[in-house]
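Colleague: File upload.tsv below, TSV, N, CA and C atoms:
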```tsv
chain	number	residue	atom	x	y	z
J	217	MET	N	117.67	92.92	92.04
J	217	MET	CA	117.32	93.81	90.95
J	217	MET	C	118.29	94.99	90.96
J	218	ARG	N	118.73	95.36	89.81
J	218	ARG	CA	119.69	96.46	89.71
J	218	ARG	C	119.01	97.80	90.00
J	219	SER	N	119.80	98.74	90.51
J	219	SER	CA	119.24	100.01	90.97
J	219	SER	C	118.60	100.82	89.84
J	220	LYS	N	119.16	100.81	88.63
J	220	LYS	CA	118.57	101.55	87.51
J	220	LYS	C	117.20	100.97	87.16
J	221	GLU	N	117.12	99.65	87.16
J	221	GLU	CA	115.83	98.99	86.90
J	221	GLU	C	114.82	99.36	87.98
J	222	GLN	N	115.24	99.31	89.23
J	222	GLN	CA	114.34	99.62	90.35
J	222	GLN	C	113.86	101.07	90.28
J	223	LYS	N	114.78	101.98	89.90
J	223	LYS	CA	114.40	103.40	89.78
J	223	LYS	C	113.33	103.59	88.72
J	224	LEU	N	113.52	102.99	87.56
J	224	LEU	CA	112.53	103.11	86.48
J	224	LEU	C	111.19	102.52	86.91
J	225	PHE	N	111.25	101.36	87.55
J	225	PHE	CA	110.03	100.70	88.01
J	225	PHE	C	109.29	101.58	89.02
J	226	ASN	N	110.02	102.08	90.01
J	226	ASN	CA	109.40	102.90	91.06
J	226	ASN	C	108.88	104.23	90.52
J	227	LYS	N	109.62	104.85	89.59
J	227	LYS	CA	109.12	106.09	88.98
J	227	LYS	C	107.81	105.84	88.26
J	228	GLY	N	107.73	104.70	87.57
J	228	GLY	CA	106.49	104.34	86.89
J	228	GLY	C	105.34	104.20	87.87
J	229	LEU	N	105.60	103.56	89.01
J	229	LEU	CA	104.56	103.41	90.04
J	229	LEU	C	104.08	104.76	90.54
J	230	LYS	N	105.03	105.65	90.81
J	230	LYS	CA	104.67	106.98	91.31
J	230	LYS	C	103.85	107.76	90.27
J	231	TYR	N	104.31	107.73	89.04
J	231	TYR	CA	103.54	108.41	87.99
J	231	TYR	C	102.14	107.82	87.87
J	232	PHE	N	102.04	106.50	87.88
J	232	PHE	CA	100.74	105.84	87.76
J	232	PHE	C	99.82	106.27	88.89
J	233	ASN	N	100.32	106.22	90.12
J	233	ASN	CA	99.49	106.59	91.27
J	233	ASN	C	99.04	108.04	91.23
J	234	ASN	N	99.81	108.88	90.55
J	234	ASN	CA	99.44	110.30	90.41
J	234	ASN	C	98.62	110.55	89.15
J	235	LYS	N	98.19	109.46	88.51
J	235	LYS	CA	97.38	109.52	87.28
J	235	LYS	C	98.12	110.16	86.11
J	236	ASN	N	99.44	110.09	86.15
J	236	ASN	CA	100.28	110.51	85.02
J	236	ASN	C	100.60	109.24	84.22
J	237	TYR	N	99.57	108.72	83.56
J	237	TYR	CA	99.66	107.41	82.93
J	237	TYR	C	100.64	107.38	81.78
J	238	TYR	N	100.72	108.45	81.01
J	238	TYR	CA	101.66	108.46	79.90
J	238	TYR	C	103.10	108.39	80.42
J	239	ASP	N	103.40	109.15	81.47
J	239	ASP	CA	104.74	109.13	82.04
J	239	ASP	C	105.06	107.77	82.66
J	240	ALA	N	104.08	107.14	83.30
J	240	ALA	CA	104.29	105.80	83.84
J	240	ALA	C	104.65	104.84	82.72
J	241	HIS	N	103.91	104.93	81.63
J	241	HIS	CA	104.18	104.09	80.46
J	241	HIS	C	105.60	104.31	79.95
J	242	GLU	N	106.04	105.56	79.91
J	242	GLU	CA	107.39	105.87	79.42
J	242	GLU	C	108.47	105.23	80.29
J	243	GLU	N	108.32	105.31	81.60
J	243	GLU	CA	109.31	104.72	82.52
J	243	GLU	C	109.35	103.20	82.35
J	244	TRP	N	108.17	102.59	82.34
J	244	TRP	CA	108.12	101.14	82.23
J	244	TRP	C	108.56	100.66	80.85
J	245	GLU	N	108.28	101.45	79.82
J	245	GLU	CA	108.73	101.06	78.48
J	245	GLU	C	110.25	101.10	78.39
J	246	GLU	N	110.87	102.10	78.99
J	246	GLU	CA	112.34	102.14	79.01
J	246	GLU	C	112.89	100.92	79.74
J	247	LEU	N	112.28	100.55	80.83
J	247	LEU	CA	112.67	99.37	81.58
J	247	LEU	C	112.52	98.11	80.72
J	248	TRP	N	111.40	97.99	80.06
J	248	TRP	CA	111.07	96.81	79.25
J	248	TRP	C	111.99	96.68	78.05
J	249	ILE	N	112.32	97.79	77.41
J	249	ILE	CA	113.13	97.77	76.19
J	249	ILE	C	114.62	97.63	76.49
J	250	ASN	N	115.11	98.35	77.48
J	250	ASN	CA	116.55	98.48	77.69
J	250	ASN	C	117.16	97.54	78.72
J	251	HIS	N	116.36	96.69	79.33
J	251	HIS	CA	116.88	95.80	80.35
J	251	HIS	C	116.40	94.38	80.11
J	252	LYS	N	117.27	93.43	80.37
J	252	LYS	CA	116.88	92.02	80.24
J	252	LYS	C	116.18	91.64	81.54
J	253	LEU	N	114.88	91.38	81.45
J	253	LEU	CA	114.06	91.16	82.63
J	253	LEU	C	113.49	89.75	82.66
J	254	LYS	N	113.48	89.15	83.84
J	254	LYS	CA	112.84	87.84	84.02
J	254	LYS	C	111.32	87.99	83.94
J	255	ASP	N	110.83	89.18	84.28
J	255	ASP	CA	109.38	89.42	84.31
J	255	ASP	C	108.95	90.44	83.26
J	256	ALA	N	109.53	90.30	82.07
J	256	ALA	CA	109.24	91.25	80.99
J	256	ALA	C	107.75	91.32	80.67
J	257	LEU	N	107.06	90.17	80.74
J	257	LEU	CA	105.62	90.19	80.44
J	257	LEU	C	104.83	90.96	81.50
J	258	LEU	N	105.28	90.89	82.73
J	258	LEU	CA	104.63	91.68	83.79
J	258	LEU	C	104.78	93.17	83.50
J	259	ILE	N	105.98	93.57	83.12
J	259	ILE	CA	106.22	94.98	82.80
J	259	ILE	C	105.41	95.38	81.57
J	260	GLN	N	105.33	94.51	80.58
J	260	GLN	CA	104.51	94.81	79.40
J	260	GLN	C	103.04	94.97	79.81
J	261	GLY	N	102.58	94.16	80.73
J	261	GLY	CA	101.21	94.31	81.24
J	261	GLY	C	101.01	95.65	81.91
J	262	LEU	N	102.00	96.10	82.67
J	262	LEU	CA	101.91	97.41	83.32
J	262	LEU	C	101.88	98.53	82.28
J	263	ILE	N	102.68	98.39	81.23
J	263	ILE	CA	102.67	99.38	80.15
J	263	ILE	C	101.28	99.44	79.53
J	264	GLN	N	100.71	98.29	79.23
J	264	GLN	CA	99.38	98.25	78.62
J	264	GLN	C	98.33	98.82	79.58
J	265	LEU	N	98.47	98.54	80.85
J	265	LEU	CA	97.56	99.09	81.85
J	265	LEU	C	97.62	100.62	81.85
J	266	ALA	N	98.83	101.16	81.89
J	266	ALA	CA	99.01	102.62	81.91
J	266	ALA	C	98.44	103.26	80.65
J	267	VAL	N	98.72	102.67	79.50
J	267	VAL	CA	98.21	103.25	78.25
J	267	VAL	C	96.70	103.10	78.17
J	268	GLY	N	96.18	102.03	78.73
J	268	GLY	CA	94.72	101.88	78.77
J	268	GLY	C	94.06	103.02	79.52
J	269	TYR	N	94.60	103.36	80.68
J	269	TYR	CA	94.04	104.49	81.43
J	269	TYR	C	94.32	105.82	80.73
J	270	PHE	N	95.46	105.93	80.07
J	270	PHE	CA	95.75	107.15	79.30
J	270	PHE	C	94.71	107.33	78.19
J	271	HIS	N	94.34	106.22	77.54
J	271	HIS	CA	93.32	106.31	76.48
J	271	HIS	C	91.99	106.83	77.03
J	272	ILE	N	91.66	106.49	78.26
J	272	ILE	CA	90.42	107.02	78.84
J	272	ILE	C	90.48	108.55	78.89
J	273	THR	N	91.65	109.10	79.22
J	273	THR	CA	91.79	110.56	79.29
J	273	THR	C	91.64	111.21	77.91
J	274	ASN	N	91.82	110.41	76.85
J	274	ASN	CA	91.69	110.91	75.48
J	274	ASN	C	90.39	110.47	74.82
J	275	SER	N	89.42	110.06	75.64
J	275	SER	CA	88.08	109.65	75.14
J	275	SER	C	88.14	108.48	74.18
J	276	ASN	N	89.08	107.56	74.39
J	276	ASN	CA	89.24	106.42	73.50
J	276	ASN	C	88.86	105.14	74.24
J	277	ILE	N	87.57	104.88	74.34
J	277	ILE	CA	87.09	103.69	75.05
J	277	ILE	C	87.57	102.42	74.34
J	278	LYS	N	87.46	102.39	73.02
J	278	LYS	CA	87.84	101.19	72.28
J	278	LYS	C	89.32	100.85	72.51
J	279	GLY	N	90.18	101.85	72.44
J	279	GLY	CA	91.61	101.62	72.65
J	279	GLY	C	91.92	101.18	74.06
J	280	SER	N	91.23	101.78	75.04
J	280	SER	CA	91.48	101.40	76.43
J	280	SER	C	91.02	99.97	76.68
J	281	LEU	N	89.85	99.60	76.17
J	281	LEU	CA	89.36	98.23	76.36
J	281	LEU	C	90.31	97.22	75.73
J	282	SER	N	90.82	97.54	74.56
J	282	SER	CA	91.75	96.64	73.89
J	282	SER	C	93.00	96.41	74.74
J	283	LEU	N	93.57	97.47	75.27
J	283	LEU	CA	94.79	97.32	76.07
J	283	LEU	C	94.53	96.63	77.40
J	284	PHE	N	93.42	96.93	78.05
J	284	PHE	CA	93.10	96.24	79.29
J	284	PHE	C	92.97	94.74	79.04
J	285	ASN	N	92.28	94.37	77.98
J	285	ASN	CA	92.10	92.95	77.66
J	285	ASN	C	93.42	92.28	77.30
J	286	LYS	N	94.33	92.99	76.67
J	286	LYS	CA	95.65	92.43	76.36
J	286	LYS	C	96.51	92.27	77.62
J	287	SER	N	96.29	93.13	78.61
J	287	SER	CA	97.12	93.07	79.82
J	287	SER	C	96.74	91.89	80.73
J	288	ILE	N	95.50	91.48	80.69
J	288	ILE	CA	95.01	90.45	81.62
J	288	ILE	C	95.83	89.16	81.58
J	289	PRO	N	96.05	88.56	80.39
J	289	PRO	CA	96.82	87.30	80.40
J	289	PRO	C	98.26	87.47	80.87
J	290	LYS	N	98.80	88.65	80.69
J	290	LYS	CA	100.17	88.91	81.17
J	290	LYS	C	100.19	88.93	82.69
J	291	PHE	N	99.24	89.63	83.29
J	291	PHE	CA	99.18	89.67	84.75
J	291	PHE	C	98.90	88.29	85.34
J	292	GLU	N	98.07	87.51	84.67
J	292	GLU	CA	97.70	86.19	85.19
J	292	GLU	C	98.90	85.26	85.36
J	293	LYS	N	99.99	85.54	84.68
J	293	LYS	CA	101.21	84.71	84.80
J	293	LYS	C	102.05	85.09	86.02
J	294	TYR	N	101.67	86.16	86.71
J	294	TYR	CA	102.53	86.69	87.77
J	294	TYR	C	101.79	86.91	89.09
J	295	PHE	N	100.93	85.98	89.47
J	295	PHE	CA	100.25	86.13	90.77
J	295	PHE	C	101.28	86.23	91.89
J	296	ILE	N	102.38	85.49	91.75
J	296	ILE	CA	103.51	85.62	92.67
J	296	ILE	C	104.63	86.26	91.88
J	297	ASN	N	105.14	87.39	92.39
J	297	ASN	CA	106.19	88.09	91.65
J	297	ASN	C	107.14	88.79	92.61
J	298	GLU	N	108.36	88.97	92.16
J	298	GLU	CA	109.40	89.59	92.98
J	298	GLU	C	109.16	91.08	93.23
J	299	ARG	N	108.34	91.69	92.42
J	299	ARG	CA	108.09	93.13	92.56
J	299	ARG	C	107.01	93.43	93.58
J	300	GLU	N	106.42	92.40	94.14
J	300	GLU	CA	105.40	92.52	95.18
J	300	GLU	C	104.15	93.27	94.71
J	301	ILE	N	103.81	93.08	93.46
J	301	ILE	CA	102.57	93.65	92.92
J	301	ILE	C	101.43	92.70	93.26
J	302	ASP	N	100.36	93.25	93.78
J	302	ASP	CA	99.18	92.47	94.11
J	302	ASP	C	98.37	92.27	92.83
J	303	VAL	N	98.71	91.21	92.12
J	303	VAL	CA	98.11	90.96	90.81
J	303	VAL	C	96.60	90.69	90.92
J	304	ALA	N	96.18	90.00	91.96
J	304	ALA	CA	94.73	89.75	92.12
J	304	ALA	C	93.97	91.07	92.21
J	305	TYR	N	94.52	92.02	92.95
J	305	TYR	CA	93.91	93.35	93.07
J	305	TYR	C	93.88	94.06	91.71
J	306	ILE	N	95.00	94.02	90.99
J	306	ILE	CA	95.06	94.67	89.66
J	306	ILE	C	94.01	94.07	88.74
J	307	LEU	N	93.93	92.74	88.71
J	307	LEU	CA	92.95	92.08	87.84
J	307	LEU	C	91.52	92.43	88.23
J	308	LYS	N	91.26	92.54	89.51
J	308	LYS	CA	89.92	92.93	89.97
J	308	LYS	C	89.59	94.34	89.48
J	309	GLN	N	90.53	95.27	89.63
J	309	GLN	CA	90.29	96.65	89.21
J	309	GLN	C	90.15	96.76	87.69
J	310	VAL	N	90.94	95.99	86.96
J	310	VAL	CA	90.82	95.99	85.50
J	310	VAL	C	89.44	95.46	85.10
J	311	SER	N	88.99	94.41	85.76
J	311	SER	CA	87.67	93.86	85.47
J	311	SER	C	86.57	94.89	85.73
J	312	LEU	N	86.66	95.57	86.85
J	312	LEU	CA	85.68	96.61	87.18
J	312	LEU	C	85.76	97.78	86.20
J	313	THR	N	86.97	98.11	85.78
J	313	THR	CA	87.17	99.19	84.80
J	313	THR	C	86.51	98.82	83.48
J	314	ILE	N	86.74	97.60	83.03
J	314	ILE	CA	86.15	97.15	81.76
J	314	ILE	C	84.62	97.18	81.86
J	315	LYS	N	84.09	96.69	82.96
J	315	LYS	CA	82.64	96.70	83.16
J	315	LYS	C	82.10	98.14	83.11
J	316	ASP	N	82.79	99.05	83.78
J	316	ASP	CA	82.35	100.45	83.79
J	316	ASP	C	82.41	101.06	82.39
J	317	LEU	N	83.51	100.82	81.68
J	317	LEU	CA	83.66	101.38	80.33
J	317	LEU	C	82.59	100.85	79.39
J	318	ASN	N	82.21	99.60	79.57
J	318	ASN	CA	81.17	99.02	78.71
J	318	ASN	C	79.77	99.53	79.05
J	319	SER	N	79.64	100.24	80.16
J	319	SER	CA	78.31	100.70	80.57
J	319	SER	C	78.11	102.21	80.43
J	320	ILE	N	79.13	102.93	80.00
J	320	ILE	CA	79.03	104.39	79.92
J	320	ILE	C	79.07	104.85	78.47
J	321	PRO	N	78.41	105.97	78.18
J	321	PRO	CA	78.38	106.45	76.80
J	321	PRO	C	79.66	107.21	76.41
J	322	HIS	N	80.39	107.71	77.39
J	322	HIS	CA	81.58	108.52	77.11
J	322	HIS	C	82.54	108.43	78.29
J	323	THR	N	83.82	108.59	78.01
J	323	THR	CA	84.83	108.47	79.07
J	323	THR	C	84.70	109.54	80.14
J	324	SER	N	84.00	110.62	79.86
J	324	SER	CA	83.80	111.66	80.88
J	324	SER	C	83.00	111.11	82.07
J	325	LYS	N	82.31	110.01	81.85
J	325	LYS	CA	81.51	109.37	82.91
J	325	LYS	C	82.28	108.28	83.64
J	326	PHE	N	83.55	108.07	83.29
J	326	PHE	CA	84.33	107.00	83.91
J	326	PHE	C	84.53	107.25	85.40
J	327	ASP	N	84.42	106.19	86.19
J	327	ASP	CA	84.62	106.25	87.63
J	327	ASP	C	86.10	106.03	87.93
J	328	TRP	N	86.83	107.12	88.13
J	328	TRP	CA	88.28	107.04	88.32
J	328	TRP	C	88.68	106.35	89.62
J	329	SER	N	87.74	106.15	90.52
J	329	SER	CA	88.09	105.41	91.74
J	329	SER	C	88.40	103.94	91.43
J	330	LEU	N	88.06	103.49	90.23
J	330	LEU	CA	88.33	102.10	89.83
J	330	LEU	C	89.78	101.90	89.41
J	331	ALA	N	90.48	102.97	89.06
J	331	ALA	CA	91.88	102.84	88.65
J	331	ALA	C	92.70	102.35	89.83
J	332	PRO	N	93.48	101.30	89.65
J	332	PRO	CA	94.26	100.77	90.78
J	332	PRO	C	95.33	101.75	91.25
J	333	ARG	N	95.75	101.54	92.47
J	333	ARG	CA	96.88	102.29	93.04
J	333	ARG	C	97.87	101.26	93.55
J	334	PHE	N	99.12	101.55	93.33
J	334	PHE	CA	100.18	100.62	93.74
J	334	PHE	C	100.75	101.04	95.07
J	335	LYS	N	101.11	100.05	95.87
J	335	LYS	CA	101.81	100.32	97.12
J	335	LYS	C	103.27	100.61	96.79
J	336	LEU	N	103.77	101.69	97.34
J	336	LEU	CA	105.15	102.09	97.07
J	336	LEU	C	106.05	101.64	98.21
J	337	LYS	N	107.24	101.23	97.82
J	337	LYS	CA	108.22	100.81	98.83
J	337	LYS	C	108.98	102.01	99.35
```
In structure tokens, write the structure found in this file.
Modeller:
Amino acid sequence: MRSKEQKLFNKGLKYFNNKNYYDAHEEWEELWINHKLKDALLIQGLIQLAVGYFHITNSNIKGSLSLFNKSIPKFEKYFINEREIDVAYILKQVSLTIKDLNSIPHTSKFDWSLAPRFKLK
């Protein structure tokens, strides 16, 4: 993987882990748009994941649920991936997030411990 691609990917991971979901989305979107990637769908899933959590911060349950549901089939294609993302863990956390969002009246009640965290290299 080229160093510019790796930098964008890693910056996205760091932003995501710090709950800076919009910034994570920006890094991954630049990667997705400006680089020819073998795992473009995986990166698109990460973008949707980040924006889904960003929508929670803006009280948009419907938008977050839509993006989480769109990300699932993308992640399912990459259980084994070169980026060493634990897709099973991500899918588990997304499932728990969706369940939580469907059970709360407002995003202020969201359990942020359900948001996944990525292992950084």
Colleague: Excluding His271 in chain J and any residue of its chain fewer than 6 positions from it, enumerate the residues within 6 Å of it, using all atoms listed in the file, and give them as an NGL selection string.
Modeller: :J and (277 or 279-280)
Colleague: From the set J:Pro289, J:Pro332, J:Leu247, J:Asp327, which residue has the shortest atom-to-atom contact distance to Ile306 in chain J, counting all atoms listed in the file?
Modeller: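 Under the stated criterion, the closest residue is J:Pro332.
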Colleague: Take every atom of range 261-266 of chain J listed in the file, fit an axis-aligned box around them, add 8 Å per side, and give the centre and edge lengths in Å to one decimal as JSON.
Modeller:
```
{"center_x": 100.1, "center_y": 98.7, "center_z": 81.0, "size_x": 21.1, "size_y": 25.1, "size_z": 20.7}
```
Colleague: Pull the neighbourhood of (96.6, 106.8, 80.2) for me: all residues within 8 Å in file coordinates, counting all atoms listed in the file, as a list in words.
Modeller: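 In the file's frame, the residues around the point are Lys235, Asn236, Tyr237, Tyr238, Asp239, His241, Leu265, Ala266, Val267, Gly268, Tyr269, Phe270, His271, Ile272, Thr273 and Asn274 of chain J.
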Colleague: CA of Ser311 in chain J to CA of Leu229 in chain J: how many Å, to one decimal?
Modeller: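 About the pair CA of Ser311 in chain J and CA of Leu229 in chain J: they are 19.9 Å apart.
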Colleague: For the structure I just gave you, how does DSSP split chain J - specifically, which residues are alpha helix (DSSP H)? Reply as a PyMOL selection string.
Modeller: chain J and resi 219-233+237-250+256-273+277-292+303-319
Colleague: Quick one: of J:Leu257, J:Leu281, J:Ile249, J:Asn226, who's nearest to Lys293 in chain J, counting all atoms listed in the file?
Modeller: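 Closest candidate: J:Leu257.
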Colleague: If we count all atoms listed in the file and set the cut-off at 8 Å, which residues sit around Asn234 in chain J, ignoring sequence neighbours fewer than 4 positions away in its own chain? Please answer as a list in words.
Modeller: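 What passes the distance filter is Gly228, Leu229, Lys230, Arg333 and Phe334 of chain J.
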Colleague: Select, from J:Gln222, J:Ser282, J:Asn297, J:Asn318, the residue with the minimum atom-to-atom distance to His251 in chain J, counting only C-alpha atoms.
Modeller: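 Closest to His251 in chain J, using only C-alpha atoms: J:Gln222.
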Colleague: One decimal, Å: what's the distance from atom C of Ser287 in chain J over to CA of Ser319 in chain J, could you say?
Modeller: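 Spanning atom C of Ser287 in chain J to CA of Ser319 in chain J is a straight-line distance of 20.4 Å.
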Colleague: Could you check which residues have any atom within 12 Å of (103.4, 87.1, 81.5), counting only C-alpha atoms with coordinates taken straight from the file, and then list them as a ChimeraX atom specification?
Modeller: /J:253-262,286-297,303
Colleague: With distances taken over only C-alpha atoms, which of J:Asn276, J:Glu298, J:Tyr231, J:Phe284 is nearest to Ser324 in chain J?
Modeller: J:Asn276
